[in-house]
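Text of the file entry-v5.cif, holding mmCIF, C-alpha atoms:
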data_query
loop_
_atom_site.group_PDB
_atom_site.id
_atom_site.type_symbol
_atom_site.label_atom_id
_atom_site.label_comp_id
_atom_site.auth_asym_id
_atom_site.auth_seq_id
_atom_site.Cartn_x
_atom_site.Cartn_y
_atom_site.Cartn_z
ATOM 1 C CA MET A 1 11.993 -7.657 2.048
ATOM 2 C CA LEU A 2 10.415 -8.846 -1.187
ATOM 3 C CA GLU A 3 10.782 -12.541 -0.377
ATOM 4 C CA ASN A 4 8.694 -12.062 2.766
ATOM 5 C CA THR A 5 5.970 -9.974 1.137
ATOM 6 C CA ASP A 6 2.574 -11.652 0.784
ATOM 7 C CA ILE A 7 1.203 -9.567 -2.095
ATOM 8 C CA LEU A 8 3.437 -7.633 -4.472
ATOM 9 C CA ILE A 9 2.188 -5.656 -7.466
ATOM 10 C CA GLY A 10 4.238 -3.534 -9.826
ATOM 11 C CA ILE A 11 3.547 -1.368 -12.838
ATOM 12 C CA CYS A 12 6.119 -1.208 -15.632
ATOM 13 C CA GLU A 13 6.413 1.225 -18.496
ATOM 14 C CA ASN A 14 5.513 -0.543 -21.751
ATOM 15 C CA LYS A 15 8.389 0.682 -23.917
ATOM 16 C CA THR A 16 11.278 0.216 -21.471
ATOM 17 C CA ASN A 17 9.926 -2.319 -18.949
ATOM 18 C CA ARG A 18 11.114 0.126 -16.260
ATOM 19 C CA LEU A 19 9.344 -0.235 -12.897
ATOM 20 C CA ILE A 20 7.297 2.937 -12.353
ATOM 21 C CA GLY A 21 4.820 1.857 -9.658
ATOM 22 C CA PHE A 22 4.923 -0.508 -6.735
ATOM 23 C CA ILE A 23 2.817 -1.694 -3.788
ATOM 24 C CA ARG A 24 3.306 -4.493 -1.293
ATOM 25 C CA VAL A 25 1.166 -6.052 1.440
ATOM 26 C CA LEU A 26 1.825 -8.150 4.526
ATOM 27 C CA SER A 27 -1.205 -10.079 5.738
ATOM 28 C CA ASP A 28 -2.454 -12.896 7.916
ATOM 29 C CA PHE A 29 -5.295 -13.227 5.354
ATOM 30 C CA VAL A 30 -7.862 -13.181 8.172
ATOM 31 C CA TYR A 31 -7.695 -10.039 10.296
ATOM 32 C CA LYS A 32 -5.239 -7.596 8.735
ATOM 33 C CA ALA A 33 -3.642 -6.604 5.485
ATOM 34 C CA LEU A 34 -0.945 -3.989 6.067
ATOM 35 C CA ILE A 35 -0.150 -1.968 2.947
ATOM 36 C CA PHE A 36 3.424 -0.772 2.501
ATOM 37 C CA ASP A 37 5.330 1.153 -0.140
ATOM 38 C CA VAL A 38 2.680 2.664 -2.371
ATOM 39 C CA ILE A 39 5.203 4.280 -4.683
ATOM 40 C CA ILE A 40 4.763 5.910 -8.075
ATOM 41 C CA HIS A 41 7.783 7.362 -9.895
ATOM 42 C CA GLU A 42 7.459 11.149 -9.788
ATOM 43 C CA GLU A 43 7.315 11.420 -13.608
ATOM 44 C CA TYR A 44 4.151 9.282 -13.597
ATOM 45 C CA GLN A 45 2.320 10.721 -10.586
ATOM 46 C CA GLY A 46 -1.100 12.218 -11.234
ATOM 47 C CA LYS A 47 -1.940 9.692 -13.957
ATOM 48 C CA GLY A 48 -4.097 7.348 -11.843
ATOM 49 C CA LEU A 49 -1.444 4.679 -11.281
ATOM 50 C CA GLY A 50 -1.717 4.881 -7.494
ATOM 51 C CA ARG A 51 -5.447 4.299 -7.850
ATOM 52 C CA ILE A 52 -4.779 1.226 -9.970
ATOM 53 C CA LEU A 53 -2.427 -0.217 -7.337
ATOM 54 C CA LEU A 54 -4.850 0.416 -4.458
ATOM 55 C CA ASP A 55 -7.756 -1.008 -6.429
ATOM 56 C CA GLN A 56 -5.710 -4.124 -7.216
ATOM 57 C CA VAL A 57 -4.879 -4.634 -3.530
ATOM 58 C CA THR A 58 -8.298 -3.871 -2.071
ATOM 59 C CA THR A 59 -10.004 -6.216 -4.559
ATOM 60 C CA HIS A 60 -7.307 -8.906 -4.540
ATOM 61 C CA PRO A 61 -8.922 -12.373 -4.228
ATOM 62 C CA LYS A 62 -6.538 -13.488 -1.458
ATOM 63 C CA LEU A 63 -7.453 -10.449 0.663
ATOM 64 C CA GLN A 64 -11.239 -10.610 0.454
ATOM 65 C CA SER A 65 -11.552 -12.254 3.888
ATOM 66 C CA VAL A 66 -9.489 -9.727 5.862
ATOM 67 C CA GLN A 67 -11.327 -7.513 8.327
ATOM 68 C CA HIS A 68 -9.028 -4.488 8.037
ATOM 69 C CA PHE A 69 -6.729 -2.925 5.495
ATOM 70 C CA GLU A 70 -4.202 -0.683 7.237
ATOM 71 C CA LEU A 71 -1.399 1.640 6.164
ATOM 72 C CA TYR A 72 0.881 4.431 7.312
ATOM 73 C CA CYS A 73 1.035 7.631 5.326
ATOM 74 C CA LYS A 74 2.237 11.191 5.496
ATOM 75 C CA SER A 75 -0.305 13.941 6.181
ATOM 76 C CA ASP A 76 -0.339 15.151 2.588
ATOM 77 C CA LYS A 77 -1.558 11.732 1.385
ATOM 78 C CA ILE A 78 -4.514 11.341 3.784
ATOM 79 C CA SER A 79 -7.112 12.654 1.321
ATOM 80 C CA PHE A 80 -5.851 10.210 -1.334
ATOM 81 C CA TYR A 81 -6.393 7.182 0.929
ATOM 82 C CA GLU A 82 -9.737 8.432 2.233
ATOM 83 C CA LYS A 83 -11.146 7.706 -1.238
ATOM 84 C CA TRP A 84 -10.868 3.987 -0.362
ATOM 85 C CA GLY A 85 -12.482 4.430 3.054
ATOM 86 C CA PHE A 86 -9.296 4.702 5.119
ATOM 87 C CA THR A 87 -9.764 6.873 8.210
ATOM 88 C CA LYS A 88 -7.668 8.201 11.066
ATOM 89 C CA GLU A 89 -10.289 7.083 13.592
ATOM 90 C CA ILE A 90 -8.866 3.755 14.736
ATOM 91 C CA GLY A 91 -9.524 4.100 18.426
ATOM 92 C CA ASP A 92 -6.931 4.198 21.143
ATOM 93 C CA ILE A 93 -3.944 3.059 19.071
ATOM 94 C CA ASN A 94 -0.520 4.683 19.055
ATOM 95 C CA PHE A 95 2.209 4.223 16.494
ATOM 96 C CA MET A 96 5.350 3.077 18.299
ATOM 97 C CA ARG A 97 8.838 2.237 17.100
ATOM 98 C CA LYS A 98 11.970 0.708 18.540
ATOM 99 C CA THR A 99 15.178 1.201 16.579
ATOM 100 C CA VAL A 100 17.485 -1.799 16.905
ATOM 101 C CA LYS A 101 20.455 -0.821 14.751
#
With the file now loaded, output its structure as structure tokens.
Amino acid sequence: MLENTDILIGICENKTNRLIGFIRVLSDFVYKALIFDVIIHEEYQGKGLGRILLDQVTTHPKLQSVQHFELYCKSDKISFYEKWGFTKEIGDINFMRKTVK
């Protein structure tokens, strides 16, 4: 998974070097940048680390030419992502999945 990720950003705790935050992006660097795995360890949630990760991705130099940033999220996280201009109004698009294993 990590080897095939285009942008990968992590946040580590200073004292222990333990990974406490993580975000990854797949992109064609022209039309879309799909954000995956915005994860903050539960002990560190509410401290602005998710904001730091999203700011780093949305201002990343390699992603400045993309037309759309996209992501999937649970309902309770919608208001968090709306702060960056993400909306649910994407037209006539349906999320579909095929399980292969």
Could you tell me how far atom CA of Asp37 of chain A lies from atom CA of Ser75 of chain A, in Å and to one decimal?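 Computing the Euclidean distance for atom CA of Asp37 of chain A and atom CA of Ser75 of chain A yields 15.3 Å.
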Excluding Gln64 of chain A and its own-chain neighbours fewer than 2 positions away, which residues fall within 12 Å of it when counting all atoms listed in the file? Please give them as a PyMOL selection string. chain A and resi 27-33+56-62+66-69
Quick one: of A:Ile78, A:Ile35, A:Cys12, A:Met1, who's nearest to Leu63 of chain A, counting only C-alpha atoms?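 Counting only C-alpha atoms, the residue closest to Leu63 of chain A is A:Ile35.
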Top pick for closest residue to Leu19 of chain A, considering A:Ile90, A:Leu54, A:Ile40, A:Val100 and counting only C-alpha atoms: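 Looking only at the distances to Leu19 of chain A, the closest residue turns out to be A:Ile40.
All protein, DNA and RNA residues at most 10 Å from (-3.3, 3.8, -7.5) are Gly21, Phe22, Ile23, Val38, Ile39, Ile40, Gln45, Gly46, Lys47, Gly48, Leu49, Gly50, Arg51, Ile52, Leu53, Leu54, Asp55, Gln56, Val57, Phe80 and Tyr81 of chain A, using all atoms listed in the file.
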Print the selection's residues with C-alpha atoms to a file, as a PDB file, keeping the file's coordinate frame.
ATOM      1  CA  GLY A  21       4.820   1.857  -9.658  1.00  0.00           C
ATOM      2  CA  PHE A  22       4.923  -0.508  -6.735  1.00  0.00           C
ATOM      3  CA  ILE A  23       2.817  -1.694  -3.788  1.00  0.00           C
ATOM      4  CA  VAL A  38       2.680   2.664  -2.371  1.00  0.00           C
ATOM      5  CA  ILE A  39       5.203   4.280  -4.683  1.00  0.00           C
ATOM      6  CA  ILE A  40       4.763   5.910  -8.075  1.00  0.00           C
ATOM      7  CA  GLN A  45       2.320  10.721 -10.586  1.00  0.00           C
ATOM      8  CA  GLY A  46      -1.100  12.218 -11.234  1.00  0.00           C
ATOM      9  CA  LYS A  47      -1.940   9.692 -13.957  1.00  0.00           C
ATOM     10  CA  GLY A  48      -4.097   7.348 -11.843  1.00  0.00           C
ATOM     11  CA  LEU A  49      -1.444   4.679 -11.281  1.00  0.00           C
ATOM     12  CA  GLY A  50      -1.717   4.881  -7.494  1.00  0.00           C
ATOM     13  CA  ARG A  51      -5.447   4.299  -7.850  1.00  0.00           C
ATOM     14  CA  ILE A  52      -4.779   1.226  -9.970  1.00  0.00           C
ATOM     15  CA  LEU A  53      -2.427  -0.217  -7.337  1.00  0.00           C
ATOM     16  CA  LEU A  54      -4.850   0.416  -4.458  1.00  0.00           C
ATOM     17  CA  ASP A  55      -7.756  -1.008  -6.429  1.00  0.00           C
ATOM     18  CA  GLN A  56      -5.710  -4.124  -7.216  1.00  0.00           C
ATOM     19  CA  VAL A  57      -4.879  -4.634  -3.530  1.00  0.00           C
ATOM     20  CA  PHE A  80      -5.851  10.210  -1.334  1.00  0.00           C
ATOM     21  CA  TYR A  81      -6.393   7.182   0.929  1.00  0.00           C
TER      22      TYR A  81
END
